[in-house]
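K.L.:
Structure file start_10.txt (compact mmCIF, C-alpha atoms) is given on the next line.
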# COMPACT_ATOMS: atom_id res chain seq x y z
CA MET L 1 -49.83 46.82 -3.71
CA SER L 2 -47.57 44.77 -5.98
CA ARG L 3 -48.79 42.38 -8.68
CA MET L 4 -51.26 39.83 -7.32
CA ARG L 5 -49.84 36.33 -7.46
CA PHE L 6 -51.68 33.04 -7.83
CA GLY L 7 -50.70 29.56 -6.75
CA THR L 8 -51.75 26.25 -5.28
CA PHE L 9 -51.69 24.83 -1.77
CA LEU L 10 -50.99 21.13 -2.31
CA ALA L 11 -51.51 19.17 0.93
CA PRO L 12 -52.27 16.88 -1.06
CA PHE L 13 -55.63 15.10 -0.61
CA HIS L 14 -55.78 11.60 -2.10
CA PRO L 15 -58.30 8.86 -1.29
CA ALA L 16 -56.85 6.33 1.13
CA GLY L 17 -56.45 2.90 -0.43
CA GLU L 18 -55.32 4.00 -3.88
CA ASN L 19 -51.85 3.64 -5.38
CA PRO L 20 -49.68 6.25 -3.57
CA THR L 21 -46.94 6.16 -6.22
CA LEU L 22 -49.38 7.15 -8.96
CA ALA L 23 -51.00 9.76 -6.71
CA LEU L 24 -47.64 11.45 -6.09
CA GLN L 25 -46.91 11.29 -9.82
CA ARG L 26 -50.18 13.16 -10.46
CA ASP L 27 -49.07 15.82 -8.00
CA LEU L 28 -45.79 16.30 -9.84
CA GLU L 29 -47.56 16.43 -13.20
CA LEU L 30 -50.02 19.01 -11.86
CA VAL L 31 -47.18 21.26 -10.72
CA GLU L 32 -45.57 20.96 -14.17
CA HIS L 33 -48.89 21.98 -15.74
CA LEU L 34 -49.18 24.98 -13.43
CA ASP L 35 -45.67 26.09 -14.32
CA ARG L 36 -46.58 26.08 -18.01
CA LEU L 37 -49.69 28.15 -17.24
CA GLY L 38 -47.66 30.84 -15.48
CA ILE L 39 -48.89 30.05 -11.97
CA ASP L 40 -46.59 31.78 -9.49
CA GLU L 41 -46.36 29.53 -6.43
CA ALA L 42 -46.90 25.98 -5.15
CA TRP L 43 -46.96 25.30 -1.41
CA ILE L 44 -46.43 21.67 -0.41
CA GLY L 45 -47.74 20.14 2.81
CA GLU L 46 -46.18 17.97 5.50
CA HIS L 47 -48.28 15.21 7.08
CA HIS L 48 -47.49 11.80 8.51
CA SER L 49 -50.79 10.06 9.27
CA ALA L 50 -54.49 9.64 8.31
CA GLY L 51 -53.72 8.11 4.89
CA SER L 52 -54.77 10.97 2.61
CA GLU L 53 -52.20 13.78 2.86
CA ILE L 54 -49.27 11.59 1.91
CA ILE L 55 -46.29 13.92 1.48
CA GLY L 56 -44.12 13.42 4.55
CA SER L 57 -41.34 15.77 3.45
CA PRO L 58 -42.25 18.86 1.43
CA GLU L 59 -38.55 19.55 0.88
CA ILE L 60 -38.01 16.26 -0.98
CA PHE L 61 -41.09 16.83 -3.13
CA MET L 62 -39.99 20.40 -3.87
CA ALA L 63 -36.53 19.27 -4.96
CA ALA L 64 -38.06 16.78 -7.39
CA ALA L 65 -40.62 19.27 -8.70
CA ALA L 66 -38.06 22.05 -9.14
CA GLU L 67 -36.11 19.90 -11.60
CA ARG L 68 -39.25 19.53 -13.74
CA THR L 69 -40.18 23.22 -13.82
CA ARG L 70 -38.73 26.58 -14.86
CA ASN L 71 -40.39 29.49 -13.08
CA ILE L 72 -42.87 28.44 -10.40
CA ARG L 73 -41.70 29.04 -6.83
CA PHE L 74 -42.05 26.38 -4.12
CA GLY L 75 -42.94 26.81 -0.47
CA THR L 76 -43.29 24.35 2.38
CA GLY L 77 -46.98 24.45 3.16
CA VAL L 78 -46.12 24.09 5.88
CA THR L 79 -43.09 22.68 7.65
CA SER L 80 -44.37 21.48 11.03
CA VAL L 81 -41.41 23.04 12.82
CA SER L 82 -42.55 21.76 16.21
CA TYR L 83 -41.66 18.25 15.05
CA HIS L 84 -38.11 19.06 13.98
CA ASN L 85 -34.74 20.25 15.14
CA PRO L 86 -34.86 23.93 14.08
CA LEU L 87 -31.20 23.83 13.00
CA TRP L 88 -31.93 21.19 10.37
CA VAL L 89 -35.08 22.99 9.19
CA ALA L 90 -33.04 26.10 8.44
CA ASP L 91 -30.16 24.10 6.97
CA ARG L 92 -32.40 22.14 4.57
CA MET L 93 -34.16 25.27 3.38
CA VAL L 94 -30.88 27.04 2.61
CA LEU L 95 -29.79 24.01 0.59
CA LEU L 96 -33.09 24.03 -1.33
CA ASP L 97 -32.70 27.75 -1.96
CA HIS L 98 -29.39 27.07 -3.69
CA LEU L 99 -30.65 24.03 -5.62
CA THR L 100 -33.65 25.98 -6.95
CA ARG L 101 -31.71 29.23 -7.58
CA GLY L 102 -33.98 31.20 -5.29
CA ARG L 103 -37.32 29.54 -6.00
CA THR L 104 -37.74 28.38 -2.39
CA MET L 105 -40.03 29.71 0.37
CA LEU L 106 -40.44 28.54 3.95
CA GLY L 107 -43.90 28.18 5.45
CA VAL L 108 -44.04 27.28 9.13
CA GLY L 109 -46.76 26.02 11.43
CA PRO L 110 -47.33 23.82 14.47
CA GLY L 111 -48.66 20.82 12.52
CA SER L 112 -52.34 20.32 11.80
CA LEU L 113 -52.98 16.62 12.51
CA PRO L 114 -52.90 15.49 16.18
CA THR L 115 -52.32 11.97 14.87
CA ASP L 116 -48.95 13.22 13.60
CA SER L 117 -47.76 14.86 16.80
CA ALA L 118 -49.08 12.06 19.04
CA MET L 119 -46.49 9.73 17.51
CA ILE L 120 -43.72 11.90 18.99
CA ALA L 121 -45.56 12.45 22.29
CA LEU L 122 -46.70 16.02 21.60
CA ASN L 123 -50.23 17.38 21.89
CA PRO L 124 -51.66 20.40 20.01
CA THR L 125 -50.86 22.76 22.90
CA ASP L 126 -47.26 21.54 22.93
CA THR L 127 -46.86 22.06 19.19
CA ARG L 128 -48.17 25.63 19.34
CA GLU L 129 -45.79 26.50 22.16
CA LEU L 130 -42.86 24.88 20.33
CA LEU L 131 -43.69 26.73 17.11
CA GLU L 132 -42.79 30.07 18.66
CA VAL L 133 -39.62 28.71 20.28
CA ASN L 134 -38.37 26.99 17.14
CA LEU L 135 -39.30 29.84 14.78
CA ASP L 136 -37.25 32.20 16.93
CA ILE L 137 -34.23 29.89 16.59
CA ILE L 138 -34.74 29.51 12.82
CA MET L 139 -34.90 33.27 12.32
CA ARG L 140 -31.72 33.79 14.33
CA LEU L 141 -29.87 31.09 12.39
CA LEU L 142 -30.94 32.55 9.05
CA ALA L 143 -29.74 35.96 10.25
CA GLY L 144 -26.25 34.47 10.73
CA GLU L 145 -26.28 34.03 14.49
CA ALA L 146 -24.65 31.21 16.41
CA VAL L 147 -27.34 29.75 18.68
CA THR L 148 -26.99 27.93 21.98
CA GLU L 149 -30.42 26.93 23.22
CA THR L 150 -32.23 24.10 24.98
CA THR L 151 -35.85 23.46 24.05
CA ARG L 152 -38.24 20.79 25.22
CA THR L 153 -37.14 18.50 22.38
CA HIS L 154 -33.62 19.56 21.31
CA THR L 155 -30.36 21.06 22.52
CA LEU L 156 -28.27 23.32 20.26
CA VAL L 157 -24.67 24.19 21.13
CA ASP L 158 -23.05 27.02 19.17
CA ALA L 159 -25.28 25.99 16.24
CA GLN L 160 -24.83 27.90 13.01
CA LEU L 161 -25.37 27.53 9.28
CA GLN L 162 -22.40 26.80 7.03
CA LEU L 163 -24.17 28.33 3.99
CA ARG L 164 -25.87 31.66 3.51
CA PRO L 165 -29.16 31.60 1.55
CA TYR L 166 -28.98 31.96 -2.23
CA SER L 167 -31.74 34.59 -1.97
CA GLU L 168 -30.52 37.87 -0.54
CA PRO L 169 -30.95 38.60 2.26
CA CYS L 170 -33.20 35.53 2.68
CA PHE L 171 -36.02 33.58 1.03
CA ASP L 172 -39.65 34.40 1.82
CA ILE L 173 -40.94 33.10 5.14
CA ALA L 174 -44.64 32.85 6.06
CA VAL L 175 -46.44 31.67 9.19
CA ALA L 176 -49.62 29.62 8.83
CA ALA L 177 -52.86 30.88 10.34
CA VAL L 178 -55.89 28.64 10.72
CA ALA L 179 -58.11 29.49 13.69
CA SER L 180 -56.01 30.74 16.62
CA PRO L 181 -54.15 34.09 16.68
CA THR L 182 -50.81 32.24 16.85
CA GLY L 183 -49.93 32.77 13.19
CA PRO L 184 -50.72 36.49 12.93
CA ARG L 185 -48.93 37.12 16.24
CA LEU L 186 -45.72 35.48 15.07
CA ALA L 187 -45.87 37.02 11.58
CA GLY L 188 -46.04 40.47 13.15
CA ARG L 189 -43.35 39.78 15.70
CA TYR L 190 -40.80 38.40 13.23
CA GLY L 191 -41.73 40.44 10.17
CA THR L 192 -42.70 37.43 8.07
CA GLY L 193 -45.56 36.86 5.67
CA LEU L 194 -48.88 35.32 6.69
CA LEU L 195 -50.41 32.20 5.15
CA SER L 196 -54.15 32.28 5.96
CA ILE L 197 -55.37 28.72 5.48
CA GLY L 198 -58.49 28.43 7.60
CA ALA L 199 -59.44 32.07 7.10
CA THR L 200 -60.88 31.33 3.68
CA LEU L 201 -62.06 27.75 4.22
CA THR L 202 -64.87 28.40 6.71
CA LYS L 203 -67.52 31.10 6.94
CA GLU L 204 -66.22 32.16 10.35
CA GLY L 205 -62.70 32.43 8.95
CA PHE L 206 -63.91 34.51 6.03
CA ASP L 207 -65.66 36.91 8.41
CA ALA L 208 -62.43 37.27 10.43
CA LEU L 209 -60.14 37.97 7.47
CA ALA L 210 -59.54 41.65 8.13
CA HIS L 211 -58.88 40.89 11.82
CA HIS L 212 -56.04 38.53 10.85
CA TRP L 213 -54.06 41.34 9.28
CA SER L 214 -54.85 43.81 12.05
CA VAL L 215 -53.20 41.40 14.51
CA VAL L 216 -50.11 41.24 12.28
CA GLU L 217 -49.90 45.04 12.18
CA GLU L 218 -50.45 45.41 15.93
CA ARG L 219 -47.73 42.87 16.79
CA ALA L 220 -45.32 44.39 14.28
CA THR L 221 -45.72 47.76 15.96
CA ALA L 222 -45.28 46.23 19.41
CA PHE L 223 -41.99 44.55 18.41
CA GLY L 224 -40.59 47.46 16.41
CA GLN L 225 -40.88 45.76 13.02
CA PRO L 226 -41.43 47.75 9.80
CA THR L 227 -45.01 48.21 8.65
CA PRO L 228 -46.07 44.80 7.26
CA ASP L 229 -46.46 44.57 3.50
CA ARG L 230 -49.76 43.02 2.40
CA ALA L 231 -47.90 41.51 -0.56
CA GLY L 232 -46.68 38.91 1.94
CA TRP L 233 -50.24 37.87 2.86
CA ARG L 234 -51.43 34.70 1.12
CA LEU L 235 -55.01 33.39 1.27
CA VAL L 236 -55.97 29.78 0.58
CA GLY L 237 -59.33 29.17 -1.10
CA LEU L 238 -61.48 26.50 -2.74
CA MET L 239 -62.42 26.45 -6.42
CA HIS L 240 -63.30 24.27 -9.37
CA ILE L 241 -64.49 25.86 -12.59
CA ALA L 242 -65.67 24.73 -16.00
CA GLU L 243 -67.30 26.27 -19.09
CA THR L 244 -70.72 26.14 -17.39
CA ARG L 245 -71.92 25.77 -13.80
CA GLU L 246 -73.77 22.58 -14.69
CA GLN L 247 -70.57 21.06 -16.05
CA ALA L 248 -68.61 22.10 -12.96
CA TYR L 249 -71.25 20.50 -10.70
CA ARG L 250 -71.08 17.25 -12.69
CA GLU L 251 -67.28 17.20 -12.61
CA VAL L 252 -66.95 17.54 -8.82
CA GLU L 253 -69.18 14.52 -8.32
CA PHE L 254 -65.97 12.58 -9.06
CA GLY L 255 -64.34 13.28 -5.70
CA ILE L 256 -65.88 16.03 -3.58
CA GLU L 257 -67.59 13.57 -1.26
CA GLN L 258 -64.39 11.78 -0.25
CA TRP L 259 -62.78 15.18 0.47
CA PHE L 260 -65.67 16.23 2.74
CA ARG L 261 -65.73 12.85 4.47
CA TYR L 262 -62.01 13.13 5.21
CA PHE L 263 -62.62 16.25 7.29
CA GLN L 264 -65.93 15.02 8.71
CA LYS L 265 -64.90 11.48 9.67
CA THR L 266 -61.10 11.01 9.56
CA ALA L 267 -58.94 14.06 10.24
CA ALA L 268 -59.09 15.35 13.81
CA PHE L 269 -59.05 18.91 12.53
CA PRO L 270 -62.24 20.66 13.76
CA GLN L 271 -61.04 24.00 12.38
CA MET L 272 -62.10 22.55 9.01
CA ALA L 273 -65.66 21.69 10.04
CA VAL L 274 -67.19 21.42 6.56
CA GLU L 275 -70.90 20.70 6.23
CA GLY L 276 -72.84 18.57 3.75
CA GLY L 277 -74.56 15.21 3.68
CA ASP L 278 -74.68 14.62 -0.06
CA VAL L 279 -72.97 16.04 -3.13
CA LYS L 280 -75.60 18.76 -3.69
CA GLU L 281 -75.34 19.94 -0.10
CA MET L 282 -71.56 19.97 -0.37
CA ILE L 283 -71.61 22.08 -3.52
CA ASP L 284 -74.14 24.44 -1.95
CA TYR L 285 -72.00 24.71 1.19
CA ILE L 286 -68.93 25.80 -0.79
CA ASN L 287 -70.86 28.34 -2.87
CA ASP L 288 -73.44 29.62 -0.39
CA ALA L 289 -71.10 30.01 2.59
CA GLY L 290 -68.88 32.24 0.48
CA ILE L 291 -65.76 30.18 1.08
CA GLY L 292 -65.20 29.09 -2.51
CA ALA L 293 -66.55 28.82 -6.03
CA ILE L 294 -67.77 25.78 -7.95
CA GLY L 295 -68.96 27.17 -11.26
CA THR L 296 -67.53 29.33 -14.02
CA ALA L 297 -64.62 31.72 -14.46
CA GLU L 298 -67.04 34.55 -13.73
CA ASP L 299 -67.90 32.93 -10.38
CA ALA L 300 -64.19 32.55 -9.62
CA ARG L 301 -63.51 36.21 -10.42
CA ALA L 302 -66.34 37.25 -8.13
CA GLN L 303 -64.93 35.11 -5.31
CA VAL L 304 -61.43 36.58 -5.62
CA GLN L 305 -62.94 40.08 -5.58
CA ARG L 306 -64.98 39.21 -2.47
CA LEU L 307 -61.77 38.20 -0.72
CA VAL L 308 -60.03 41.40 -1.81
CA ASP L 309 -62.93 43.47 -0.49
CA GLN L 310 -63.26 41.53 2.77
CA SER L 311 -59.54 41.52 3.57
CA GLY L 312 -58.59 45.00 2.41
CA GLY L 313 -56.04 43.56 -0.01
CA PHE L 314 -53.53 40.72 -0.08
CA GLY L 315 -50.59 39.52 -2.16
CA ALA L 316 -51.41 36.00 -3.33
CA MET L 317 -54.42 33.73 -3.81
CA LEU L 318 -53.66 30.04 -3.41
CA LEU L 319 -56.18 27.45 -4.60
CA LEU L 320 -56.34 24.37 -2.42
CA ALA L 321 -55.57 21.24 -4.47
CA HIS L 322 -58.34 18.72 -3.81
CA GLU L 323 -59.06 16.29 -6.68
CA TRP L 324 -62.79 17.00 -6.55
CA ALA L 325 -62.71 16.36 -10.32
CA ASN L 326 -60.74 13.87 -12.39
CA PRO L 327 -57.22 14.88 -13.51
CA GLU L 328 -58.30 16.05 -16.97
CA ALA L 329 -61.08 18.27 -15.62
CA THR L 330 -58.77 19.55 -12.88
CA ARG L 331 -56.18 20.62 -15.44
CA ARG L 332 -58.89 22.29 -17.52
CA SER L 333 -60.13 24.16 -14.44
CA TRP L 334 -56.64 25.57 -13.95
CA GLU L 335 -56.43 26.52 -17.63
CA LEU L 336 -59.70 28.45 -17.39
CA PHE L 337 -58.49 30.13 -14.22
CA ALA L 338 -55.23 31.22 -15.84
CA GLN L 339 -56.96 32.40 -19.02
CA HIS L 340 -60.04 34.13 -17.62
CA VAL L 341 -59.48 34.95 -13.94
CA MET L 342 -55.85 35.91 -13.39
CA PRO L 343 -55.75 38.65 -16.09
CA HIS L 344 -58.45 40.56 -14.22
CA PHE L 345 -56.22 40.92 -11.15
CA GLN L 346 -52.78 41.39 -12.71
CA GLY L 347 -51.18 44.17 -14.72
CA GLY L 348 -52.88 47.00 -12.83
CA GLY L 349 -49.94 48.22 -10.77
CA ALA L 350 -49.80 51.87 -9.70
CA GLY L 351 -53.53 52.26 -10.31
CA GLY L 352 -53.39 51.21 -13.95
CA ARG L 353 -55.61 48.85 -15.85
CA SER L 354 -55.43 45.11 -15.41
CA HIS L 355 -54.38 42.96 -18.34
CA ALA L 356 -58.02 42.12 -19.02
CA GLU L 357 -59.15 45.76 -18.76
CA SER L 358 -56.34 46.88 -21.06
CA THR L 359 -57.16 44.47 -23.89
CA LEU L 360 -60.92 44.97 -23.49
CA ALA L 361 -60.42 48.74 -23.65
CA ALA L 362 -58.31 48.34 -26.80
CA LYS L 363 -61.07 46.22 -28.33
CA GLU L 364 -63.68 48.84 -27.43
CA ARG L 365 -61.60 51.66 -28.92
CA ALA L 366 -61.19 49.70 -32.13
CA ALA L 367 -64.90 48.88 -32.28
CA ASP L 368 -65.92 52.52 -31.68
CA THR L 369 -63.77 53.76 -34.58
CA ARG L 370 -64.17 50.72 -36.84
CA GLU L 371 -66.61 52.32 -39.29
CA ALA L 372 -64.49 55.43 -39.85
CA HIS L 373 -61.26 53.44 -40.17
CA ALA L 374 -62.90 50.95 -42.55
CA ALA L 375 -64.02 53.86 -44.73
CA SER L 376 -60.49 55.25 -44.77
CA GLN L 377 -59.21 51.85 -45.87
CA TRP L 378 -61.56 51.89 -48.87
CA THR L 379 -60.56 55.48 -49.60
CA ALA L 380 -56.93 54.40 -49.65
CA VAL L 381 -57.70 51.49 -51.99
CA GLU L 382 -59.65 53.79 -54.30
CA HIS L 383 -56.86 56.37 -54.25
CA MET L 384 -54.18 53.82 -55.16
CA THR L 385 -56.38 52.30 -57.88
CA LYS L 386 -56.88 55.70 -59.48
CA LYS L 387 -53.18 56.43 -59.18
CA TYR L 388 -52.34 53.18 -60.94
CA GLU L 389 -54.87 53.85 -63.70
CA ALA L 390 -53.42 57.32 -64.22
CA GLU L 391 -49.93 55.85 -64.49
CA ARG L 392 -51.11 53.32 -67.09
CA THR L 393 -52.88 56.01 -69.13
CA ALA L 394 -49.76 58.17 -69.09
CA ALA L 395 -47.63 55.26 -70.17
CA GLU L 396 -49.94 54.42 -73.08
CA LYS L 397 -49.75 57.97 -74.40
CA THR L 398 -45.99 57.81 -74.59
Represent the structure contained in this file as structure tokens.
P.N.:
Amino acid sequence: MSRMRFGTFLAPFHPAGENPTLALQRDLELVEHLDRLGIDEAWIGEHHSAGSEIIGSPEIFMAAAAERTRNIRFGTGVTSVSYHNPLWVADRMVLLDHLTRGRTMLGVGPGSLPTDSAMIALNPTDTRELLEVNLDIIMRLLAGEAVTETTRTHTLVDAQLQLRPYSEPCFDIAVAAVASPTGPRLAGRYGTGLLSIGATLTKEGFDALAHHWSVVEERATAFGQPTPDRAGWRLVGLMHIAETREQAYREVEFGIEQWFRYFQKTAAFPQMAVEGGDVKEMIDYINDAGIGAIGTAEDARAQVQRLVDQSGGFGAMLLLAHEWANPEATRRSWELFAQHVMPHFQGGGAGGRSHAESTLAAKERAADTREAHAASQWTAVEHMTKKYEAERTAAEKT
């Protein structure tokens, strides 16, 4: 397994009724902060209704964010390809790949909000069927094919891309998986990565984690694809951490209720059936159901390890951006995560020690030999003092 990566999945979630311009500015500032912390990836959502997830074009947001950052990679999280002409999806992503010098990734899905697809006369069954059709066209276009195809929503005639991707042979592509087997099936068939969103956001999804990847492997075998690499499997999870659990609990009182109410009362997205009547019940639901961690860095490390153990291994952990806490506390949570969680899961390639294990082992070695080395330091000081005194005595005699 290659180095574990960490990132964010930024839908985003903002309370309806607030200033959208300032909310989007906070999102851009958060991504800048994550880049400075060494966070690897940011996946940006696409939604068009319900008043909370207010980024309608992840590609536009990514282009703006890329100009403000240096290293972090950006993925569409996800492009609702069932809504779009697949030719233009591929074309826009190739352009972004060039503009970002290879920091672009394509996430695809059917679209999560029925209130989005209803505006273009599609229901959730339609969007899932179109996902497979349009992904097939996108993959063929990115492979350099000329495509003539008629779908339910578009007709392509000798369609082809005028640019090759900046990334060779192509940028990363991942299929979203929430509840149905659609995502794992397509990831296996087309040899793409898998973006498990719902698998870590409900207890049932957590229990089914290992099954997700087994479907990918089974489909890959059936379609003659190479053995899937778990490095391409990304899990989305929930966290907020502080110096103490009590502080973390106080901080999420800022906004956790509006986030829960969005899924309980507004979004027609039953795959995210979160439970909790008041703030305490909401915190307990996140922690006790095993789907996230509200607490300390130690709690966050334990949650990441639980996901590693349950899944059998994956390539990237993405924290869902949620604004449970105010912006300052949110930034501090990310700082604690980068300082005290990530080093325990990185640096241990080829069976070696993680960054945290390596420095802790060096500290232990130094502590174990401190007394002997301190004595040798004093011996050296005494030796040089005597040498100097001998030189002075010799000089005085002459």
K.L.:
With a distance cut-off of 12 Å and all atoms listed in the file, select the neighbouring residues of L:Gly313, excluding the residue or stretch itself and same-chain residues fewer than 2 positions from it, and output the selection as a ChimeraX atom specification.
P.N.:
/L:1-4,209-210,212-213,229-235,304-311,315-317,345
K.L.:
In Å, with one decimal, what is the gap from atom CA of L:Ser57 to atom CA of L:Thr192?
P.N.:
22.2 Å
K.L.:
At what distance in Å, to one decimal, does atom CA of L:His47 lie from atom CA of L:Tyr83?
P.N.:
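So the two atoms, atom CA of L:Tyr83 and atom CA of L:His47, lie 10.8 Å apart.
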K.L.:
Distance atom CA of L:Ser358-atom CA of L:Gln346, one decimal place?
P.N.:
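Result for atom CA of L:Ser358 versus atom CA of L:Gln346: 10.6 Å, one decimal.
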K.L.:
Given the choices L:Tyr262, L:Phe269, L:Phe206, L:Tyr249, which gets closest to L:Gly292 if the distance is worked out from all atoms listed in the file?
P.N.:
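The shortest atom-to-atom distance to L:Gly292 comes from L:Phe206.
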K.L.:
Applying 12 Å and all atoms listed in the file, which residues near L:Asp126 remain after dropping the ones on its own chain fewer than 3 positions away? List them as an mmCIF file with C-alpha atoms, keeping the file's coordinate frame.
P.N.:
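To be explicit, this is the file written out as result_4.cif:
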data_model
loop_
_atom_site.group_PDB
_atom_site.id
_atom_site.type_symbol
_atom_site.label_atom_id
_atom_site.label_comp_id
_atom_site.auth_asym_id
_atom_site.auth_seq_id
_atom_site.Cartn_x
_atom_site.Cartn_y
_atom_site.Cartn_z
ATOM 1 C CA VAL L 81 -41.410 23.040 12.820
ATOM 2 C CA SER L 82 -42.550 21.760 16.210
ATOM 3 C CA TYR L 83 -41.660 18.250 15.050
ATOM 4 C CA PRO L 110 -47.330 23.820 14.470
ATOM 5 C CA GLY L 111 -48.660 20.820 12.520
ATOM 6 C CA PRO L 114 -52.900 15.490 16.180
ATOM 7 C CA SER L 117 -47.760 14.860 16.800
ATOM 8 C CA ALA L 118 -49.080 12.060 19.040
ATOM 9 C CA ILE L 120 -43.720 11.900 18.990
ATOM 10 C CA ALA L 121 -45.560 12.450 22.290
ATOM 11 C CA LEU L 122 -46.700 16.020 21.600
ATOM 12 C CA ASN L 123 -50.230 17.380 21.890
ATOM 13 C CA GLU L 129 -45.790 26.500 22.160
ATOM 14 C CA LEU L 130 -42.860 24.880 20.330
ATOM 15 C CA LEU L 131 -43.690 26.730 17.110
ATOM 16 C CA GLU L 132 -42.790 30.070 18.660
ATOM 17 C CA VAL L 133 -39.620 28.710 20.280
ATOM 18 C CA ASN L 134 -38.370 26.990 17.140
ATOM 19 C CA THR L 151 -35.850 23.460 24.050
ATOM 20 C CA ARG L 152 -38.240 20.790 25.220
ATOM 21 C CA THR L 153 -37.140 18.500 22.380
#
K.L.:
For L:Leu238, which of L:Leu10, L:Ala362, L:Leu141, L:Val89 is the closest residue, counting all atoms listed in the file?
P.N.:
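Under the stated criterion, the closest residue is L:Leu10.
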K.L.:
Taking only C-alpha atoms into account, which of L:Thr266, L:Gly237, L:Ile39, L:Arg331 comes nearest L:Gly290?
P.N.:
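Checking each of L:Thr266, L:Gly237, L:Ile39, L:Arg331 against L:Gly290, counting only C-alpha atoms, the winner is L:Gly237.
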K.L.:
For L:Ile44, which of L:Pro15, L:Gln339, L:Leu320, L:Cys170 is the closest residue, counting all atoms listed in the file?
P.N.:
L:Leu320
K.L.:
Measuring between only C-alpha atoms, which one of L:Trp378, L:Phe337, L:Phe9, L:Tyr285 shows the shortest distance to L:Val78?
P.N.:
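Checking each candidate against L:Val78, we get L:Phe9 as the closest.
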K.L.:
Within 12 Å of (-57.7, 24.5, -4.6) (coordinates as in the file), grab all the protein and nucleic acid residues, counting all atoms listed in the file, and write them out as a PyMOL selection string.
P.N.:
chain L and resi 6-13+30+42-43+197+200-201+235-241+256+259+286+291-294+300+317-325+330-331+333-334+337
K.L.:
Name all residues at most 9 Å from L:Met139 (count all atoms listed in the file; drop same-chain ones fewer than 6 positions away) and give them as a list in words.
P.N.:
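Surrounding residues, per the criterion: Ala90, Glu145 and Tyr190 of chain L.
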K.L.:
What's around L:Arg332 at 12 Å? Count all atoms listed in the file, leave out sequence neighbours fewer than 6 positions away in its own chain, and write the answer as a list of chain:residue names.
P.N.:
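So the residues in contact are L:Leu30, L:His33, L:Leu34, L:Leu37, L:His240, L:Ile241, L:Ala242, L:Glu243, L:Gln247, L:Ala248, L:Glu251, L:Thr296, L:Ala297, L:Ala325, L:Asn326, L:Ala338, L:Gln339, L:His340.
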K.L.:
Give me the residues near L:Gly191 as a list in words, where near means some atom within 7 Å (using all atoms listed in the file) and where sequence neighbours in that chain fewer than 6 positions away do not count.
P.N.:
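Returned residues: Ala220, Gln225 and Pro228 of chain L.
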K.L.:
Which residue gives the smallest distance to L:Gln258 among L:His14, L:Arg185, L:Arg392, L:Arg245, with all atoms listed in the file counted?
P.N.:
L:His14
